[in-house]
$ cat coords16.txt   # compact mmCIF, N, CA and C atoms
# COMPACT_ATOMS: atom_id res chain seq x y z
N MET A 1 -12.51 6.37 0.62
CA MET A 1 -13.51 5.54 -0.01
C MET A 1 -14.83 5.73 0.70
N ASP A 2 -15.87 5.62 -0.05
CA ASP A 2 -17.21 5.77 0.46
C ASP A 2 -17.87 4.40 0.52
N LYS A 3 -18.06 3.86 1.73
CA LYS A 3 -18.63 2.51 1.86
C LYS A 3 -20.03 2.41 1.27
N ALA A 4 -20.76 3.51 1.23
CA ALA A 4 -22.09 3.47 0.61
C ALA A 4 -21.99 3.31 -0.90
N ARG A 5 -20.98 3.90 -1.50
CA ARG A 5 -20.79 3.84 -2.94
C ARG A 5 -19.93 2.65 -3.34
N ASP A 6 -18.85 2.44 -2.62
CA ASP A 6 -17.88 1.38 -2.94
C ASP A 6 -18.19 0.16 -2.08
N THR A 7 -19.08 -0.67 -2.57
CA THR A 7 -19.61 -1.77 -1.75
C THR A 7 -18.61 -2.88 -1.48
N ASN A 8 -17.50 -2.95 -2.19
CA ASN A 8 -16.54 -4.02 -1.99
C ASN A 8 -15.29 -3.54 -1.24
N THR A 9 -15.47 -2.60 -0.29
CA THR A 9 -14.30 -2.13 0.46
C THR A 9 -13.87 -3.15 1.50
N GLY A 10 -14.76 -4.01 1.94
CA GLY A 10 -14.44 -4.96 3.00
C GLY A 10 -14.67 -4.32 4.36
N GLY A 11 -14.48 -5.12 5.38
CA GLY A 11 -14.72 -4.66 6.74
C GLY A 11 -13.74 -3.61 7.23
N GLU A 12 -12.50 -3.74 6.85
CA GLU A 12 -11.46 -2.81 7.28
C GLU A 12 -10.55 -2.46 6.11
N PRO A 13 -10.90 -1.48 5.30
CA PRO A 13 -10.02 -1.11 4.18
C PRO A 13 -8.79 -0.36 4.70
N ILE A 14 -7.70 -1.11 4.95
CA ILE A 14 -6.52 -0.54 5.60
C ILE A 14 -5.27 -0.72 4.74
N ASP A 15 -4.22 -0.05 5.14
CA ASP A 15 -2.89 -0.19 4.56
C ASP A 15 -2.85 0.03 3.05
N PRO A 16 -3.23 1.23 2.58
CA PRO A 16 -3.22 1.48 1.13
C PRO A 16 -1.80 1.57 0.56
N MET A 17 -1.69 1.18 -0.69
CA MET A 17 -0.42 1.26 -1.42
C MET A 17 -0.74 1.63 -2.86
N VAL A 18 -0.15 2.69 -3.38
CA VAL A 18 -0.37 3.08 -4.77
C VAL A 18 0.72 2.43 -5.62
N PHE A 19 0.28 1.79 -6.70
CA PHE A 19 1.19 1.18 -7.66
C PHE A 19 0.96 1.87 -8.99
N THR A 20 2.03 2.40 -9.60
CA THR A 20 1.94 3.00 -10.92
C THR A 20 2.59 2.05 -11.91
N ASP A 21 1.81 1.59 -12.87
CA ASP A 21 2.28 0.64 -13.87
C ASP A 21 3.17 1.35 -14.89
N THR A 22 3.85 0.58 -15.71
CA THR A 22 4.77 1.15 -16.70
C THR A 22 4.06 1.98 -17.75
N ASP A 23 2.75 1.76 -17.94
CA ASP A 23 1.99 2.56 -18.90
C ASP A 23 1.42 3.84 -18.29
N GLY A 24 1.72 4.08 -17.01
CA GLY A 24 1.25 5.28 -16.33
C GLY A 24 -0.05 5.09 -15.57
N SER A 25 -0.72 3.96 -15.72
CA SER A 25 -1.94 3.69 -14.97
C SER A 25 -1.61 3.51 -13.50
N ALA A 26 -2.44 4.10 -12.63
CA ALA A 26 -2.21 4.02 -11.19
C ALA A 26 -3.33 3.21 -10.54
N TYR A 27 -2.96 2.42 -9.56
CA TYR A 27 -3.89 1.54 -8.85
C TYR A 27 -3.68 1.69 -7.36
N LEU A 28 -4.78 1.62 -6.61
CA LEU A 28 -4.73 1.64 -5.16
C LEU A 28 -4.99 0.23 -4.67
N TYR A 29 -3.99 -0.35 -4.03
CA TYR A 29 -4.12 -1.67 -3.41
C TYR A 29 -4.32 -1.46 -1.92
N PHE A 30 -5.16 -2.27 -1.31
CA PHE A 30 -5.37 -2.20 0.13
C PHE A 30 -5.84 -3.56 0.62
N GLY A 31 -5.85 -3.73 1.91
CA GLY A 31 -6.22 -5.02 2.47
C GLY A 31 -7.22 -4.88 3.59
N GLY A 32 -7.39 -5.97 4.26
CA GLY A 32 -8.32 -6.03 5.37
C GLY A 32 -9.26 -7.20 5.18
N ALA A 33 -9.70 -7.75 6.30
CA ALA A 33 -10.62 -8.89 6.28
C ALA A 33 -10.06 -10.06 5.47
N ARG A 34 -8.73 -10.19 5.49
CA ARG A 34 -8.04 -11.31 4.84
C ARG A 34 -8.21 -11.38 3.33
N GLN A 35 -8.47 -10.21 2.70
CA GLN A 35 -8.65 -10.19 1.25
C GLN A 35 -8.02 -8.93 0.66
N PRO A 36 -6.99 -9.09 -0.20
CA PRO A 36 -6.46 -7.91 -0.87
C PRO A 36 -7.42 -7.42 -1.94
N ARG A 37 -7.46 -6.10 -2.11
CA ARG A 37 -8.35 -5.50 -3.10
C ARG A 37 -7.59 -4.43 -3.88
N VAL A 38 -8.15 -4.08 -5.06
CA VAL A 38 -7.51 -3.07 -5.90
C VAL A 38 -8.59 -2.27 -6.61
N VAL A 39 -8.29 -1.00 -6.86
CA VAL A 39 -9.14 -0.14 -7.66
C VAL A 39 -8.23 0.77 -8.47
N ARG A 40 -8.60 1.00 -9.71
CA ARG A 40 -7.82 1.90 -10.57
C ARG A 40 -8.08 3.35 -10.15
N LEU A 41 -7.04 4.15 -10.15
CA LEU A 41 -7.16 5.56 -9.80
C LEU A 41 -7.29 6.41 -11.05
N ASP A 42 -8.05 7.48 -10.93
CA ASP A 42 -8.20 8.45 -12.02
C ASP A 42 -6.90 9.24 -12.14
N SER A 43 -6.78 10.06 -13.15
CA SER A 43 -5.54 10.81 -13.38
C SER A 43 -5.21 11.78 -12.26
N ASP A 44 -6.22 12.17 -11.45
CA ASP A 44 -5.94 13.07 -10.32
C ASP A 44 -5.35 12.33 -9.12
N MET A 45 -5.26 11.00 -9.21
CA MET A 45 -4.70 10.14 -8.16
C MET A 45 -5.49 10.20 -6.85
N VAL A 46 -6.71 10.74 -6.90
CA VAL A 46 -7.57 10.81 -5.72
C VAL A 46 -8.88 10.09 -6.00
N SER A 47 -9.46 10.34 -7.16
CA SER A 47 -10.73 9.72 -7.54
C SER A 47 -10.47 8.31 -8.07
N THR A 48 -11.47 7.45 -7.90
CA THR A 48 -11.35 6.10 -8.44
C THR A 48 -11.97 6.04 -9.82
N ALA A 49 -11.46 5.13 -10.64
CA ALA A 49 -11.95 4.95 -12.01
C ALA A 49 -12.33 3.48 -12.17
N GLY A 50 -13.51 3.15 -11.76
CA GLY A 50 -13.95 1.76 -11.84
C GLY A 50 -14.31 1.22 -10.48
N SER A 51 -14.61 -0.05 -10.46
CA SER A 51 -15.05 -0.67 -9.22
C SER A 51 -13.89 -1.35 -8.51
N ILE A 52 -14.07 -1.56 -7.24
CA ILE A 52 -13.08 -2.26 -6.41
C ILE A 52 -13.21 -3.75 -6.69
N THR A 53 -12.08 -4.40 -6.93
CA THR A 53 -12.11 -5.84 -7.19
C THR A 53 -11.17 -6.57 -6.24
N ASP A 54 -11.50 -7.83 -5.98
CA ASP A 54 -10.65 -8.68 -5.17
C ASP A 54 -9.42 -9.08 -5.98
N VAL A 55 -8.28 -9.18 -5.33
CA VAL A 55 -7.05 -9.63 -5.97
C VAL A 55 -6.92 -11.12 -5.70
N VAL A 56 -6.74 -11.90 -6.75
CA VAL A 56 -6.54 -13.33 -6.61
C VAL A 56 -5.04 -13.59 -6.62
N LEU A 57 -4.55 -14.20 -5.56
CA LEU A 57 -3.13 -14.48 -5.44
C LEU A 57 -2.84 -15.91 -5.85
N ASP A 58 -1.87 -16.09 -6.72
CA ASP A 58 -1.46 -17.41 -7.16
C ASP A 58 -0.24 -17.83 -6.36
N GLY A 59 -0.37 -18.89 -5.58
CA GLY A 59 0.77 -19.37 -4.82
C GLY A 59 0.72 -19.03 -3.35
N SER A 60 -0.36 -18.45 -2.88
CA SER A 60 -0.48 -18.12 -1.46
C SER A 60 -1.91 -18.32 -1.00
N THR A 61 -2.07 -18.88 0.15
CA THR A 61 -3.40 -19.02 0.74
C THR A 61 -3.57 -18.07 1.91
N ARG A 62 -2.54 -17.30 2.19
CA ARG A 62 -2.58 -16.39 3.33
C ARG A 62 -2.49 -14.95 2.86
N PHE A 63 -3.26 -14.13 3.50
CA PHE A 63 -3.15 -12.68 3.31
C PHE A 63 -3.62 -12.04 4.59
N ALA A 64 -2.91 -11.06 5.08
CA ALA A 64 -3.32 -10.38 6.30
C ALA A 64 -3.57 -8.90 6.03
N GLU A 65 -2.54 -8.19 5.67
CA GLU A 65 -2.64 -6.75 5.48
C GLU A 65 -1.36 -6.23 4.85
N ALA A 66 -1.36 -4.94 4.55
CA ALA A 66 -0.18 -4.24 4.03
C ALA A 66 0.34 -4.83 2.72
N PRO A 67 -0.48 -4.84 1.66
CA PRO A 67 0.00 -5.37 0.39
C PRO A 67 1.08 -4.48 -0.22
N HIS A 68 2.02 -5.12 -0.89
CA HIS A 68 3.06 -4.40 -1.62
C HIS A 68 3.18 -5.07 -2.99
N ILE A 69 3.08 -4.28 -4.04
CA ILE A 69 3.12 -4.81 -5.40
C ILE A 69 4.45 -4.43 -6.04
N ARG A 70 5.03 -5.39 -6.73
CA ARG A 70 6.29 -5.18 -7.46
C ARG A 70 6.13 -5.82 -8.83
N LYS A 71 6.56 -5.13 -9.87
CA LYS A 71 6.46 -5.66 -11.22
C LYS A 71 7.85 -5.96 -11.76
N VAL A 72 7.98 -7.18 -12.27
CA VAL A 72 9.23 -7.62 -12.90
C VAL A 72 8.84 -8.13 -14.28
N GLY A 73 9.32 -7.46 -15.32
CA GLY A 73 8.91 -7.83 -16.67
C GLY A 73 7.42 -7.57 -16.84
N ASP A 74 6.67 -8.58 -17.23
CA ASP A 74 5.22 -8.46 -17.39
C ASP A 74 4.44 -9.05 -16.22
N THR A 75 5.12 -9.48 -15.18
CA THR A 75 4.46 -10.14 -14.05
C THR A 75 4.48 -9.25 -12.82
N CYS A 76 3.31 -9.11 -12.18
CA CYS A 76 3.22 -8.39 -10.91
C CYS A 76 3.27 -9.39 -9.78
N TYR A 77 3.99 -9.01 -8.72
CA TYR A 77 4.12 -9.86 -7.55
C TYR A 77 3.59 -9.10 -6.34
N GLU A 78 2.97 -9.83 -5.41
CA GLU A 78 2.41 -9.25 -4.20
C GLU A 78 3.13 -9.82 -3.00
N ARG A 79 3.38 -8.95 -2.05
CA ARG A 79 3.98 -9.35 -0.78
C ARG A 79 3.20 -8.62 0.30
N ASP A 80 2.96 -9.29 1.42
CA ASP A 80 2.22 -8.64 2.50
C ASP A 80 2.73 -9.11 3.85
N PHE A 81 2.08 -8.63 4.87
CA PHE A 81 2.50 -8.90 6.25
C PHE A 81 2.50 -10.39 6.59
N ALA A 82 1.51 -11.14 6.07
CA ALA A 82 1.41 -12.57 6.39
C ALA A 82 2.28 -13.43 5.48
N CYS A 83 2.66 -12.90 4.33
CA CYS A 83 3.42 -13.67 3.36
C CYS A 83 4.68 -12.89 2.99
N PRO A 84 5.79 -13.14 3.70
CA PRO A 84 6.98 -12.32 3.46
C PRO A 84 7.69 -12.60 2.14
N ARG A 85 7.22 -13.53 1.36
CA ARG A 85 7.80 -13.78 0.05
C ARG A 85 6.84 -13.27 -1.02
N TYR A 86 7.34 -12.95 -2.18
CA TYR A 86 6.48 -12.46 -3.26
C TYR A 86 5.74 -13.61 -3.91
N VAL A 87 4.45 -13.41 -4.23
CA VAL A 87 3.65 -14.37 -4.97
C VAL A 87 3.04 -13.65 -6.16
N ASP A 88 2.65 -14.41 -7.20
CA ASP A 88 2.03 -13.79 -8.38
C ASP A 88 0.72 -13.13 -8.00
N ALA A 89 0.51 -11.91 -8.50
CA ALA A 89 -0.75 -11.21 -8.24
C ALA A 89 -1.50 -11.04 -9.54
$ encode --input "coords16.txt" --output "structure tokens"
Amino acid sequence: MDKARDTNTGGEPIDPMVFTDTDGSAYLYFGGARQPRVVRLDSDMVSTAGSITDVVLDGSTRFAEAPHIRKVGDTCYERDFACPRYVDA
């Protein structure tokens, strides 16, 4: 990521995780500075397609690092280092 171009990377864009949705869309999740973030990946899985956005977690007030996304049915769940249980993402 280019901090000059991608202004919402946060202070420490660490612990990336690629999630591929059932429709084939790929997303890069990462954390740092107590805020999970996501950006859609282009088909080459290297370039980004869109802007970086903050992930709003439903059911958790804590986030540290190392996000992990899991999809069950139509709902995505997030789990990370500070929250060992899955919460809605």
$ closest_residue --input "coords16.txt" --among "A:Asp21, A:Glu78, A:Glu65, A:Asp15" --to "Arg34 in chain A" --atoms "all atoms listed in the file"
A:Glu65
$ residues_around --input "coords16.txt" --residues "range 40-43 of chain A" --least-positions-apart "2" --cutoff "8 Å" --atoms "only C-alpha atoms" --output "ChimeraX atom specification"
/A:25-28,38,45-52
$ residues_near_point --input "coords16.txt" --point "(-7.5, -8.6, -4.2)" --cutoff "6 Å" --atoms "all atoms listed in the file" --output "PyMOL selection string"
chain A and resi 35-38+53-56
$ write_last_selection --input "coords16.txt" --atoms "N, CA and C atoms" --output "short mmCIF file (atom, residue, chain, number, x, y, z; two decimals), keeping the file's coordinate frame"
data_model
loop_
_atom_site.label_atom_id
_atom_site.label_comp_id
_atom_site.auth_asym_id
_atom_site.auth_seq_id
_atom_site.Cartn_x
_atom_site.Cartn_y
_atom_site.Cartn_z
N GLN A 35 -8.47 -10.21 2.70
CA GLN A 35 -8.65 -10.19 1.25
C GLN A 35 -8.02 -8.93 0.66
N PRO A 36 -6.99 -9.09 -0.20
CA PRO A 36 -6.46 -7.91 -0.87
C PRO A 36 -7.42 -7.42 -1.94
N ARG A 37 -7.46 -6.10 -2.11
CA ARG A 37 -8.35 -5.50 -3.10
C ARG A 37 -7.59 -4.43 -3.88
N VAL A 38 -8.15 -4.08 -5.06
CA VAL A 38 -7.51 -3.07 -5.90
C VAL A 38 -8.59 -2.27 -6.61
N THR A 53 -12.08 -4.40 -6.93
CA THR A 53 -12.11 -5.84 -7.19
C THR A 53 -11.17 -6.57 -6.24
N ASP A 54 -11.50 -7.83 -5.98
CA ASP A 54 -10.65 -8.68 -5.17
C ASP A 54 -9.42 -9.08 -5.98
N VAL A 55 -8.28 -9.18 -5.33
CA VAL A 55 -7.05 -9.63 -5.97
C VAL A 55 -6.92 -11.12 -5.70
N VAL A 56 -6.74 -11.90 -6.75
CA VAL A 56 -6.54 -13.33 -6.61
C VAL A 56 -5.04 -13.59 -6.62
#
$ atom_distance --input "coords16.txt" --atom1 "atom C of Ile69 in chain A" --atom2 "CA of Phe19 in chain A"
6.7 Å
$ atom_distance --input "coords16.txt" --atom1 "atom N of Ile14 in chain A" --atom2 "CA of Leu57 in chain A"
17.5 Å
$ atom_distance --input "coords16.txt" --atom1 "CA of Gly73 in chain A" --atom2 "CA of Asp23 in chain A"
12.7 Å
$ residues_near_point --input "coords16.txt" --point "(-4.6, -0.8, 1.4)" --cutoff "6.5 Å" --atoms "all atoms listed in the file" --output "number ranges by chain"
A: 13-17, 28-31, 66-67
$ write_last_selection --input "coords16.txt" --atoms "N, CA and C atoms" --output "mmCIF file, in the coordinates of the input"
data_model
loop_
_atom_site.group_PDB
_atom_site.id
_atom_site.type_symbol
_atom_site.label_atom_id
_atom_site.label_comp_id
_atom_site.auth_asym_id
_atom_site.auth_seq_id
_atom_site.Cartn_x
_atom_site.Cartn_y
_atom_site.Cartn_z
ATOM 1 N N PRO A 13 -10.900 -1.480 5.300
ATOM 2 C CA PRO A 13 -10.020 -1.110 4.180
ATOM 3 C C PRO A 13 -8.790 -0.360 4.700
ATOM 4 N N ILE A 14 -7.700 -1.110 4.950
ATOM 5 C CA ILE A 14 -6.520 -0.540 5.600
ATOM 6 C C ILE A 14 -5.270 -0.720 4.740
ATOM 7 N N ASP A 15 -4.220 -0.050 5.140
ATOM 8 C CA ASP A 15 -2.890 -0.190 4.560
ATOM 9 C C ASP A 15 -2.850 0.030 3.050
ATOM 10 N N PRO A 16 -3.230 1.230 2.580
ATOM 11 C CA PRO A 16 -3.220 1.480 1.130
ATOM 12 C C PRO A 16 -1.800 1.570 0.560
ATOM 13 N N MET A 17 -1.690 1.180 -0.690
ATOM 14 C CA MET A 17 -0.420 1.260 -1.420
ATOM 15 C C MET A 17 -0.740 1.630 -2.860
ATOM 16 N N LEU A 28 -4.780 1.620 -6.610
ATOM 17 C CA LEU A 28 -4.730 1.640 -5.160
ATOM 18 C C LEU A 28 -4.990 0.230 -4.670
ATOM 19 N N TYR A 29 -3.990 -0.350 -4.030
ATOM 20 C CA TYR A 29 -4.120 -1.670 -3.410
ATOM 21 C C TYR A 29 -4.320 -1.460 -1.920
ATOM 22 N N PHE A 30 -5.160 -2.270 -1.310
ATOM 23 C CA PHE A 30 -5.370 -2.200 0.130
ATOM 24 C C PHE A 30 -5.840 -3.560 0.620
ATOM 25 N N GLY A 31 -5.850 -3.730 1.910
ATOM 26 C CA GLY A 31 -6.220 -5.020 2.470
ATOM 27 C C GLY A 31 -7.220 -4.880 3.590
ATOM 28 N N ALA A 66 -1.360 -4.940 4.550
ATOM 29 C CA ALA A 66 -0.180 -4.240 4.030
ATOM 30 C C ALA A 66 0.340 -4.830 2.720
ATOM 31 N N PRO A 67 -0.480 -4.840 1.660
ATOM 32 C CA PRO A 67 0.000 -5.370 0.390
ATOM 33 C C PRO A 67 1.080 -4.480 -0.220
#
$ axis_aligned_box --input "coords16.txt" --around "range 27-42 of chain A" --padding-each-side "3 Å" --output "JSON"
{"center_x": -6.8, "center_y": -1.1, "center_z": -2.9, "size_x": 13.7, "size_y": 26.6, "size_z": 24.4}
